[in-house]
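Undergrad: You'll find target-v8.pdb just under this line, and it carries PDB, C-alpha atoms.
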```pdb
MODEL        1
ATOM      1  CA  ARG T   1      96.456 110.302  63.176
ATOM      2  CA  VAL T   2      93.444 111.650  65.044
ATOM      3  CA  GLU T   3      95.483 112.616  68.112
ATOM      4  CA  GLU T   4      98.208 114.103  65.900
ATOM      5  CA  HIS T   5      95.746 116.282  63.999
ATOM      6  CA  PHE T   6      94.111 117.505  67.214
ATOM      7  CA  GLY T   7      97.584 118.440  68.479
ATOM      8  CA  VAL T   8      98.341 120.451  65.329
ATOM      9  CA  VAL T   9      94.976 122.235  65.562
ATOM     10  CA  ALA T  10      95.514 123.048  69.248
ATOM     11  CA  PHE T  11      98.920 124.536  68.438
ATOM     12  CA  LEU T  12      97.450 126.555  65.555
ATOM     13  CA  ASN T  13      94.766 127.975  67.835
ATOM     14  CA  ILE T  14      97.312 129.507  70.211
ATOM     15  CA  LEU T  15      99.581 130.956  67.488
ATOM     16  CA  PRO T  16      97.867 134.390  67.498
ATOM     17  CA  SER T  17      98.564 134.748  71.227
ATOM     18  CA  LEU T  18     102.129 133.501  70.822
ATOM     19  CA  TYR T  19     102.683 135.940  67.969
ATOM     20  CA  HIS T  20     101.780 138.909  70.161
ATOM     21  CA  PHE T  21     104.158 137.769  72.913
ATOM     22  CA  GLY T  22     106.747 139.626  70.847
ATOM     23  CA  ASN T  23     105.203 142.895  72.041
ATOM     24  CA  TRP T  24     104.779 141.908  75.686
ATOM     25  CA  ASN T  25     108.038 142.807  77.392
ATOM     26  CA  GLU T  26     106.908 141.863  80.890
ATOM     27  CA  ALA T  27     106.198 138.293  79.751
ATOM     28  CA  LYS T  28     109.594 138.148  78.036
ATOM     29  CA  SER T  29     111.287 139.190  81.294
ATOM     30  CA  SER T  30     110.120 136.023  83.074
ATOM     31  CA  GLU T  31     112.846 133.563  84.070
ATOM     32  CA  ARG T  32     110.826 130.848  82.317
ATOM     33  CA  PHE T  33     110.465 132.677  78.999
ATOM     34  CA  ASN T  34     113.511 130.954  77.497
ATOM     35  CA  ASP T  35     111.990 127.592  78.491
ATOM     36  CA  PHE T  36     108.815 128.703  76.734
ATOM     37  CA  VAL T  37     110.818 129.498  73.559
ATOM     38  CA  ALA T  38     112.462 126.064  73.767
ATOM     39  CA  PHE T  39     109.048 124.379  74.080
ATOM     40  CA  PHE T  40     107.723 126.324  71.080
ATOM     41  CA  VAL T  41     110.698 125.334  68.911
ATOM     42  CA  SER T  42     110.398 121.703  70.054
ATOM     43  CA  VAL T  43     106.733 121.515  69.042
ATOM     44  CA  LEU T  44     107.520 123.158  65.702
ATOM     45  CA  GLY T  45     110.265 120.587  65.122
ATOM     46  CA  ASN T  46     107.939 117.702  65.987
ATOM     47  CA  ILE T  47     105.266 118.911  63.554
ATOM     48  CA  CYS T  48     107.894 119.390  60.846
ATOM     49  CA  HIS T  49     109.218 115.880  61.466
ATOM     50  CA  ALA T  50     105.704 114.395  61.301
ATOM     51  CA  ALA T  51     104.922 116.214  58.040
ATOM     52  CA  ALA T  52     108.190 115.441  56.237
ATOM     53  CA  CYS T  53     109.043 111.804  56.851
ATOM     54  CA  GLY T  54     112.358 112.042  54.995
ATOM     55  CA  CYS T  55     114.274 115.217  54.241
ATOM     56  CA  GLY T  56     115.947 113.773  51.153
ATOM     57  CA  GLY T  57     112.832 112.400  49.481
ATOM     58  CA  GLY T  58     110.295 113.777  47.078
ATOM     59  CA  PRO T  59     106.527 114.242  47.422
ATOM     60  CA  GLU T  60     106.232 110.620  48.605
ATOM     61  CA  ALA T  61     108.041 111.662  51.812
ATOM     62  CA  ILE T  62     105.270 114.126  52.709
ATOM     63  CA  ASP T  63     102.568 113.167  55.197
ATOM     64  CA  ASP T  64     100.365 116.265  55.064
ATOM     65  CA  GLU T  65      97.163 115.510  53.239
ATOM     66  CA  PRO T  66      93.708 116.918  54.083
ATOM     67  CA  HIS T  67      91.876 114.595  56.455
ATOM     68  CA  ASN T  68      88.775 112.832  55.163
ATOM     69  CA  LEU T  69      85.923 113.248  57.631
ATOM     70  CA  GLU T  70      84.303 110.095  56.282
ATOM     71  CA  THR T  71      87.389 108.151  57.354
ATOM     72  CA  PHE T  72      87.998 110.144  60.549
ATOM     73  CA  PRO T  73      84.615 111.559  61.677
ATOM     74  CA  GLU T  74      86.188 112.362  65.071
ATOM     75  CA  LEU T  75      87.985 115.273  63.413
ATOM     76  CA  LEU T  76      84.731 117.155  62.862
ATOM     77  CA  SER T  77      85.282 118.867  66.229
ATOM     78  CA  ALA T  78      88.910 119.813  65.451
ATOM     79  CA  LYS T  79      88.209 123.471  64.703
ATOM     80  CA  VAL T  80      90.844 126.044  63.781
ATOM     81  CA  PHE T  81      89.299 129.047  65.514
ATOM     82  CA  MET T  82      91.623 131.577  63.911
ATOM     83  CA  GLU T  83      90.399 130.557  60.446
ATOM     84  CA  SER T  84      88.048 133.552  60.295
ATOM     85  CA  LEU T  85      91.089 135.837  60.691
ATOM     86  CA  LEU T  86      92.644 134.384  57.558
ATOM     87  CA  LEU T  87      89.978 135.690  55.192
ATOM     88  CA  VAL T  88      91.443 139.051  54.192
ATOM     89  CA  LYS T  89      89.933 140.838  51.213
ATOM     90  CA  GLU T  90      91.978 144.014  51.482
ATOM     91  CA  ASP T  91      95.391 142.576  50.614
ATOM     92  CA  THR T  92      94.210 140.783  47.450
ATOM     93  CA  ASN T  93      92.764 143.849  45.735
ATOM     94  CA  GLY T  94      94.255 143.984  42.233
ATOM     95  CA  SER T  95      95.885 140.580  42.764
ATOM     96  CA  SER T  96      95.243 137.264  41.076
ATOM     97  CA  LYS T  97      95.060 135.604  44.492
ATOM     98  CA  PRO T  98      91.627 134.726  45.876
ATOM     99  CA  ALA T  99      90.736 136.385  49.185
ATOM    100  CA  ASP T 100      90.671 132.996  50.913
ATOM    101  CA  TRP T 101      94.101 131.773  49.714
ATOM    102  CA  ARG T 102      95.351 131.372  53.290
ATOM    103  CA  ILE T 103      92.326 129.214  54.199
ATOM    104  CA  GLN T 104      92.869 127.104  51.072
ATOM    105  CA  PHE T 105      96.494 126.574  52.081
ATOM    106  CA  LEU T 106      95.446 125.614  55.625
ATOM    107  CA  HIS T 107      92.961 123.032  54.361
ATOM    108  CA  GLU T 108      95.263 121.606  51.676
ATOM    109  CA  ARG T 109      98.416 121.365  53.820
ATOM    110  CA  PRO T 110      97.582 121.819  57.521
ATOM    111  CA  LYS T 111     100.993 120.774  58.874
ATOM    112  CA  THR T 112     102.945 122.816  56.329
ATOM    113  CA  PHE T 113     100.762 125.834  57.086
ATOM    114  CA  THR T 114     101.489 125.375  60.799
ATOM    115  CA  VAL T 115     105.252 125.091  60.238
ATOM    116  CA  VAL T 116     105.394 128.211  58.051
ATOM    117  CA  ALA T 117     103.129 130.222  60.368
ATOM    118  CA  SER T 118     105.284 129.187  63.345
ATOM    119  CA  LEU T 119     108.420 130.336  61.526
ATOM    120  CA  GLU T 120     106.690 133.675  60.987
ATOM    121  CA  VAL T 121     106.042 133.889  64.753
ATOM    122  CA  LEU T 122     109.758 133.341  65.417
ATOM    123  CA  GLY T 123     110.640 135.948  62.785
ATOM    124  CA  TRP T 124     108.336 138.436  64.484
ATOM    125  CA  TRP T 125     109.893 137.701  67.868
ATOM    126  CA  ILE T 126     113.381 138.317  66.466
ATOM    127  CA  ALA T 127     112.212 141.577  64.872
ATOM    128  CA  LYS T 128     110.829 142.659  68.259
ATOM    129  CA  GLY T 129     114.132 142.000  70.017
ATOM    130  CA  VAL T 130     113.758 138.455  71.383
ATOM    131  CA  ASP T 131     117.168 136.786  71.744
ATOM    132  CA  LEU T 132     116.586 133.172  70.754
ATOM    133  CA  THR T 133     120.191 132.233  71.566
ATOM    134  CA  LEU T 134     119.235 132.149  75.258
ATOM    135  CA  ALA T 135     116.929 129.145  74.759
ATOM    136  CA  ARG T 136     118.114 125.550  75.073
ATOM    137  CA  ILE T 137     116.075 122.623  73.774
ATOM    138  CA  PRO T 138     116.278 119.503  76.000
ATOM    139  CA  CYS T 139     117.417 116.287  74.299
ATOM    140  CA  GLU T 140     117.805 112.703  75.422
ATOM    141  CA  GLU T 141     119.048 112.175  78.966
ATOM    142  CA  ASP T 142     122.727 111.729  78.063
ATOM    143  CA  ASP T 143     122.818 114.247  75.197
ATOM    144  CA  PRO T 144     123.589 117.964  75.624
ATOM    145  CA  ASP T 145     120.782 120.457  75.100
ATOM    146  CA  GLU T 146     120.497 121.904  71.594
ATOM    147  CA  THR T 147     120.401 125.524  70.515
ATOM    148  CA  VAL T 148     117.697 127.038  68.320
ATOM    149  CA  GLN T 149     120.383 127.468  65.654
ATOM    150  CA  ALA T 150     121.195 123.750  65.684
ATOM    151  CA  ILE T 151     117.523 122.771  65.483
ATOM    152  CA  PHE T 152     116.948 124.798  62.320
ATOM    153  CA  GLU T 153     120.181 123.688  60.705
ATOM    154  CA  GLU T 154     118.847 120.141  61.172
ATOM    155  CA  TYR T 155     115.282 120.828  60.047
ATOM    156  CA  GLU T 156     115.851 123.256  57.173
ATOM    157  CA  PRO T 157     115.869 120.470  54.516
ATOM    158  CA  ARG T 158     112.511 119.215  55.794
ATOM    159  CA  ILE T 159     111.065 122.732  55.849
ATOM    160  CA  ARG T 160     112.157 123.316  52.257
ATOM    161  CA  LEU T 161     110.743 119.956  51.193
ATOM    162  CA  LEU T 162     107.380 120.899  52.710
ATOM    163  CA  MET T 163     107.370 124.254  50.918
ATOM    164  CA  ARG T 164     108.253 122.680  47.566
ATOM    165  CA  ALA T 165     105.516 120.078  47.928
ATOM    166  CA  SER T 166     102.914 122.705  48.872
ATOM    167  CA  GLY T 167     102.745 124.187  45.368
ATOM    168  CA  ARG T 168     103.459 127.615  46.911
ATOM    169  CA  ASN T 169     107.236 127.364  47.128
ATOM    170  CA  GLU T 170     108.123 130.631  45.372
ATOM    171  CA  GLU T 171     105.871 132.867  47.453
ATOM    172  CA  LEU T 172     106.721 131.094  50.716
ATOM    173  CA  THR T 173     110.472 131.134  50.068
ATOM    174  CA  SER T 174     110.468 134.883  49.461
ATOM    175  CA  TYR T 175     109.597 135.621  53.076
ATOM    176  CA  ILE T 176     110.698 132.478  54.929
ATOM    177  CA  ASP T 177     114.311 132.639  53.649
ATOM    178  CA  PRO T 178     115.202 135.764  55.703
ATOM    179  CA  ILE T 179     113.669 134.164  58.816
ATOM    180  CA  LEU T 180     115.591 130.897  58.352
ATOM    181  CA  THR T 181     118.781 132.873  57.797
ATOM    182  CA  ALA T 182     118.209 134.834  61.014
ATOM    183  CA  LEU T 183     117.542 131.596  62.930
ATOM    184  CA  LYS T 184     120.601 129.775  61.591
ATOM    185  CA  GLU T 185     122.980 132.717  61.967
ATOM    186  CA  ASN T 186     121.751 133.793  65.410
ATOM    187  CA  LYS T 187     120.848 137.229  64.140
ATOM    188  CA  LYS T 188     119.452 139.574  66.774
ATOM    189  CA  LYS T 189     117.368 141.533  64.310
ATOM    190  CA  GLY T 190     114.903 140.242  61.769
ATOM    191  CA  THR T 191     112.372 141.506  59.284
ATOM    192  CA  TRP T 192     108.699 140.779  58.868
ATOM    193  CA  PRO T 193     107.106 140.036  55.509
ATOM    194  CA  LYS T 194     104.844 142.117  53.321
ATOM    195  CA  HIS T 195     101.313 141.729  54.613
ATOM    196  CA  SER T 196     100.025 140.501  51.244
ATOM    197  CA  ILE T 197     102.225 137.357  51.254
ATOM    198  CA  SER T 198     102.326 136.576  54.982
ATOM    199  CA  LEU T 199     100.161 134.009  56.735
ATOM    200  CA  LEU T 200      99.740 135.986  59.976
ATOM    201  CA  TYR T 201     101.097 139.530  59.704
ATOM    202  CA  GLY T 202      98.603 140.582  57.010
ATOM    203  CA  PRO T 203      95.512 139.209  58.780
ATOM    204  CA  PHE T 204      96.597 140.769  62.088
ATOM    205  CA  ILE T 205      97.084 144.157  60.424
ATOM    206  CA  TYR T 206      93.521 144.179  59.143
ATOM    207  CA  ASP T 207      91.977 142.638  62.232
ATOM    208  CA  ASN T 208      93.813 144.387  65.073
ATOM    209  CA  ARG T 209      95.105 147.679  63.743
ATOM    210  CA  ARG T 210      92.474 150.130  64.933
ATOM    211  CA  CYS T 211      92.666 153.506  66.605
ATOM    212  CA  GLY T 212      92.756 152.937  70.354
ATOM    213  CA  PHE T 213      90.395 155.859  70.884
ATOM    214  CA  CYS T 214      87.789 155.768  68.090
ATOM    215  CA  GLN T 215      88.405 152.245  66.661
ATOM    216  CA  LYS T 216      88.809 153.470  63.083
ATOM    217  CA  THR T 217      90.996 151.422  60.715
ATOM    218  CA  SER T 218      93.521 152.613  58.151
ATOM    219  CA  ASP T 219      90.867 151.999  55.471
ATOM    220  CA  ASP T 220      88.463 154.281  57.351
ATOM    221  CA  ILE T 221      90.932 157.195  57.403
ATOM    222  CA  GLY T 222      92.580 156.539  54.033
ATOM    223  CA  SER T 223      96.141 156.344  55.386
ATOM    224  CA  ASP T 224      98.353 154.298  57.688
ATOM    225  CA  LEU T 225      97.675 154.488  61.410
ATOM    226  CA  LEU T 226     100.167 156.083  63.758
ATOM    227  CA  ARG T 227     101.618 153.874  66.465
ATOM    228  CA  CYS T 228     102.806 154.499  69.989
ATOM    229  CA  SER T 229     106.570 155.042  69.742
ATOM    230  CA  ALA T 230     107.165 153.523  73.196
ATOM    231  CA  CYS T 231     105.405 150.181  72.816
ATOM    232  CA  GLY T 232     105.608 149.898  69.025
ATOM    233  CA  GLU T 233     102.960 147.625  67.556
ATOM    234  CA  SER T 234     100.867 147.418  70.725
ATOM    235  CA  GLN T 235      98.675 150.471  70.169
ATOM    236  CA  HIS T 236      97.694 152.478  67.096
ATOM    237  CA  TYR T 237      95.933 155.787  66.477
ATOM    238  CA  CYS T 238      94.290 157.583  63.614
ATOM    239  CA  CYS T 239      95.750 160.963  64.673
ATOM    240  CA  LYS T 240      97.915 162.589  67.351
ATOM    241  CA  ASP T 241      94.863 164.179  68.976
ATOM    242  CA  HIS T 242      93.293 160.767  69.636
ATOM    243  CA  GLN T 243      96.623 159.482  70.936
ATOM    244  CA  LYS T 244      96.655 162.299  73.507
ATOM    245  CA  LYS T 245      93.025 161.658  74.459
ATOM    246  CA  HIS T 246      93.696 157.939  74.942
ATOM    247  CA  TRP T 247      96.883 158.384  76.974
ATOM    248  CA  LYS T 248      95.122 158.126  80.338
ATOM    249  CA  ALA T 249      93.843 154.657  79.429
ATOM    250  CA  HIS T 250      97.033 153.521  77.692
ATOM    251  CA  LYS T 251      99.768 154.862  79.943
ATOM    252  CA  PHE T 252      99.686 152.108  82.600
ATOM    253  CA  PHE T 253     100.437 149.329  80.091
ATOM    254  CA  CYS T 254     102.788 151.508  78.057
ATOM    255  CA  LYS T 255     104.966 152.646  80.966
ATOM    256  CA  ARG T 256     105.016 149.200  82.558
ATOM    257  CA  ASN T 257     105.860 147.445  79.298
ATOM    258  CA  THR T 258     108.901 149.672  78.709
ATOM    259  CA  LYS T 259     110.300 148.753  82.144
ATOM    260  CA  PHE T 260     110.975 145.173  81.081
ATOM    261  CA  SER T 261     113.000 143.259  78.527
ATOM    262  CA  GLN T 262     114.001 139.635  78.002
ATOM    263  CA  TYR T 263     116.899 140.242  80.389
ATOM    264  CA  GLY T 264     114.641 141.342  83.274
ATOM    265  CA  MET T 265     113.598 144.763  84.560
ATOM    266  CA  ASN T 266     115.294 147.721  82.886
ATOM    267  CA  ARG T 267     116.967 150.243  85.139
TER     268      ARG T 267
ENDMDL
END
```
Would you kindly transcribe this structure into structure tokens?
TA:
Amino acid sequence: RVEEHFGVVAFLNILPSLYHFGNWNEAKSSERFNDFVAFFVSVLGNICHAAACGCGGGPEAIDDEPHNLETFPELLSAKVFMESLLLVKEDTNGSSKPADWRIQFLHERPKTFTVVASLEVLGWWIAKGVDLTLARIPCEEDDPDETVQAIFEEYEPRIRLLMRASGRNEELTSYIDPILTALKENKKKGTWPKHSISLLYGPFIYDNRRCGFCQKTSDDIGSDLLRCSACGESQHYCCKDHQKKHWKAHKFFCKRNTKFSQYGMNR
């Protein structure tokens, strides 16, 4: 259990970086990127399998309880470093949700949180043009490799069992359903959730979305930030004037990023 929990925490700690791979076209152009996608899906499947011991059971089939530090003092050093990102006050204004609802969810159901957050990463990748049909997940020596579609057709019952047992089924289903549908139907285009109900998209909006020139946020200027039309979510600005002033610093990444796609270098 100790090793398993450390593995889940380690995976959680790299999710923010993996999330932003969706914007990094040069990384997606690597010949090994599809192997990377396969590894990601494999780890997600393993965590899902560990958390839901039987897809046809009830709550008794769930193995996703908070760990007692008195029983497992070794886990004191298993820190989720992105936890500070999850405290978002802005998207709970006027809502009955507490500002730390994501942190509560993480502590109550760490494996379920990881599975749902990982699904959100895949949904973001699809929305940013990643073709998951190119990935193949290795199986046993004599068995053929599996597709991402096949993996999620197999694991969907377990995912739904985890969401039902979490006590947050309705809110999770509302934004995970479109992602599961895209994964099972090999859709090339996805959608991302409203920031107020997402585990990652909302926190990243409030943490990372700043003007590239003056560092002001949307709250500072009282309106949504503009974004670079070439590289999409990678760079934001409070006004067109600051976008022009920042172009000298931004253009190298921007021009290089548009030269690549998952299929290699664009002509």
Undergrad: My list of candidates is T:His20, T:Lys259, T:Lys216, T:His5. Which is closest to T:Ala51 when distances are computed with only C-alpha atoms?
TA: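 Under the stated criterion, the closest residue is T:His5.
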Undergrad: What does the distance from atom CA of T:Leu199 to atom CA of T:Ala117 come to in Å, to one decimal?
TA: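 According to the coordinates, atom CA of T:Leu199 and atom CA of T:Ala117 are separated by 6.0 Å.
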Undergrad: Run the PyMOL selection byres ((chain T and resi 37-41) around 8) against the file shown and list the residues it catches, as a VMD selection string.
TA: chain T and resid 33 to 36 42 to 45 132 135 to 138 148
Undergrad: Can you tell me, as a list in words, what residues are no more than 10 Å from T:Tyr201 when counting only C-alpha atoms, ignoring any on the same chain fewer than 5 positions away?
TA: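 Surrounding residues, per the criterion: Pro16, Tyr19, Ala117, Glu120, Val121, Trp124, Trp192, Pro193, Lys194, His195, Ser196, Tyr206 and Asp207 of chain T.
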Undergrad: Specify as number ranges by chain each residue included when the PyMOL selection byres ((chain T and resi 85) around 8) is applied to this file.
TA: T: 82-84, 86-88, 203-204, 207
Undergrad: The PyMOL selection byres ((chain T and resi 211) around 6) - which residues does that actually catch in the file I just gave you? List them as a PyMOL selection string.
TA: chain T and resi 210+212-216+236-238
Undergrad: Output as a tab-separated table one row per residue of stretch 113-169 of chain T within 12 Å of stretch 97-104 of chain T: the closest atom pair and its distance in Å to one decimal place, counting all atoms listed in the file, sorted by chain and residue number ascending.
TA:
```
residue	atom	partner	partner_atom	distance
T:Phe113	CA	T:Arg102	CA	8.6
T:Thr114	CA	T:Arg102	CA	11.4
T:Val116	CA	T:Arg102	CA	11.6
T:Ala117	CA	T:Arg102	CA	10.6
T:Ser166	CA	T:Gln104	CA	11.2
T:Gly167	CA	T:Gln104	CA	11.8
T:Arg168	CA	T:Trp101	CA	10.6
```
Undergrad: Just give me the gap between atom CA of T:Lys251 and atom CA of T:Lys188 in Å, one decimal is fine.
TA: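 Atom CA of T:Lys251 sits 28.2 Å away from atom CA of T:Lys188.
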Undergrad: Taking all listed atoms of stretch 15-21 of chain T, build the axis-aligned box, pad each of the six sides by 8 Å, then write its centre and edge lengths in Å to one decimal as JSON.
TA:
```
{"center_x": 101.0, "center_y": 134.9, "center_z": 70.2, "size_x": 22.3, "size_y": 24.0, "size_z": 21.4}
```
Undergrad: Between T:Pro110, T:Gly129, T:Gly22, T:Pro178, which has the minimum distance to T:Ile62 (counting only C-alpha atoms)?
TA: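 Among the listed residues, the smallest separation from T:Ile62 belongs to T:Pro110.
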Undergrad: Need to verify the contact set: T:Val8, 12 Å, only C-alpha atoms, exclusion of same-chain residues closer than 3 positions in sequence. Can you return it as a PyMOL selection string?
TA: chain T and resi 1-5+11-15+43-48+50-51+64+75+78-80+106+109-115+117-118
Undergrad: At most 10 Å from (110.0, 124.5, 52.3), file frame, all atoms listed in the file: which residues, as a ChimeraX atom specification?
TA: /T:112,115-116,156-166,168-170,172-173,176-177
Undergrad: Next, the residues of the selection above should be written as a compact mmCIF listing (two decimals), in the frame of the given file with C-alpha atoms.
TA:
```txt
# COMPACT_ATOMS: atom_id res chain seq x y z
CA THR T 112 102.94 122.82 56.33
CA VAL T 115 105.25 125.09 60.24
CA VAL T 116 105.39 128.21 58.05
CA GLU T 156 115.85 123.26 57.17
CA PRO T 157 115.87 120.47 54.52
CA ARG T 158 112.51 119.22 55.79
CA ILE T 159 111.06 122.73 55.85
CA ARG T 160 112.16 123.32 52.26
CA LEU T 161 110.74 119.96 51.19
CA LEU T 162 107.38 120.90 52.71
CA MET T 163 107.37 124.25 50.92
CA ARG T 164 108.25 122.68 47.57
CA ALA T 165 105.52 120.08 47.93
CA SER T 166 102.91 122.70 48.87
CA ARG T 168 103.46 127.62 46.91
CA ASN T 169 107.24 127.36 47.13
CA GLU T 170 108.12 130.63 45.37
CA LEU T 172 106.72 131.09 50.72
CA THR T 173 110.47 131.13 50.07
CA ILE T 176 110.70 132.48 54.93
CA ASP T 177 114.31 132.64 53.65
```
Undergrad: Please, what distance in Å, to one decimal, runs between atom CA of T:Phe252 and atom CA of T:Trp24?
TA: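 Atom CA of T:Trp24 lies at a distance of 13.3 Å from atom CA of T:Phe252.
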Undergrad: Could you tell me which of T:Trp247, T:Phe105, T:Phe81, T:Phe6 comes closest to T:Glu65 if we count all atoms listed in the file?
TA: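 Residue with the minimum atom-to-atom distance to T:Glu65: T:Phe105.
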Undergrad: Go through T:Asp143, T:Leu183, T:His246, T:Glu108 and flag the residue nearest T:Ala127, using all atoms listed in the file for the distances.
TA: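 So, comparing all the options, the nearest one is T:Leu183.
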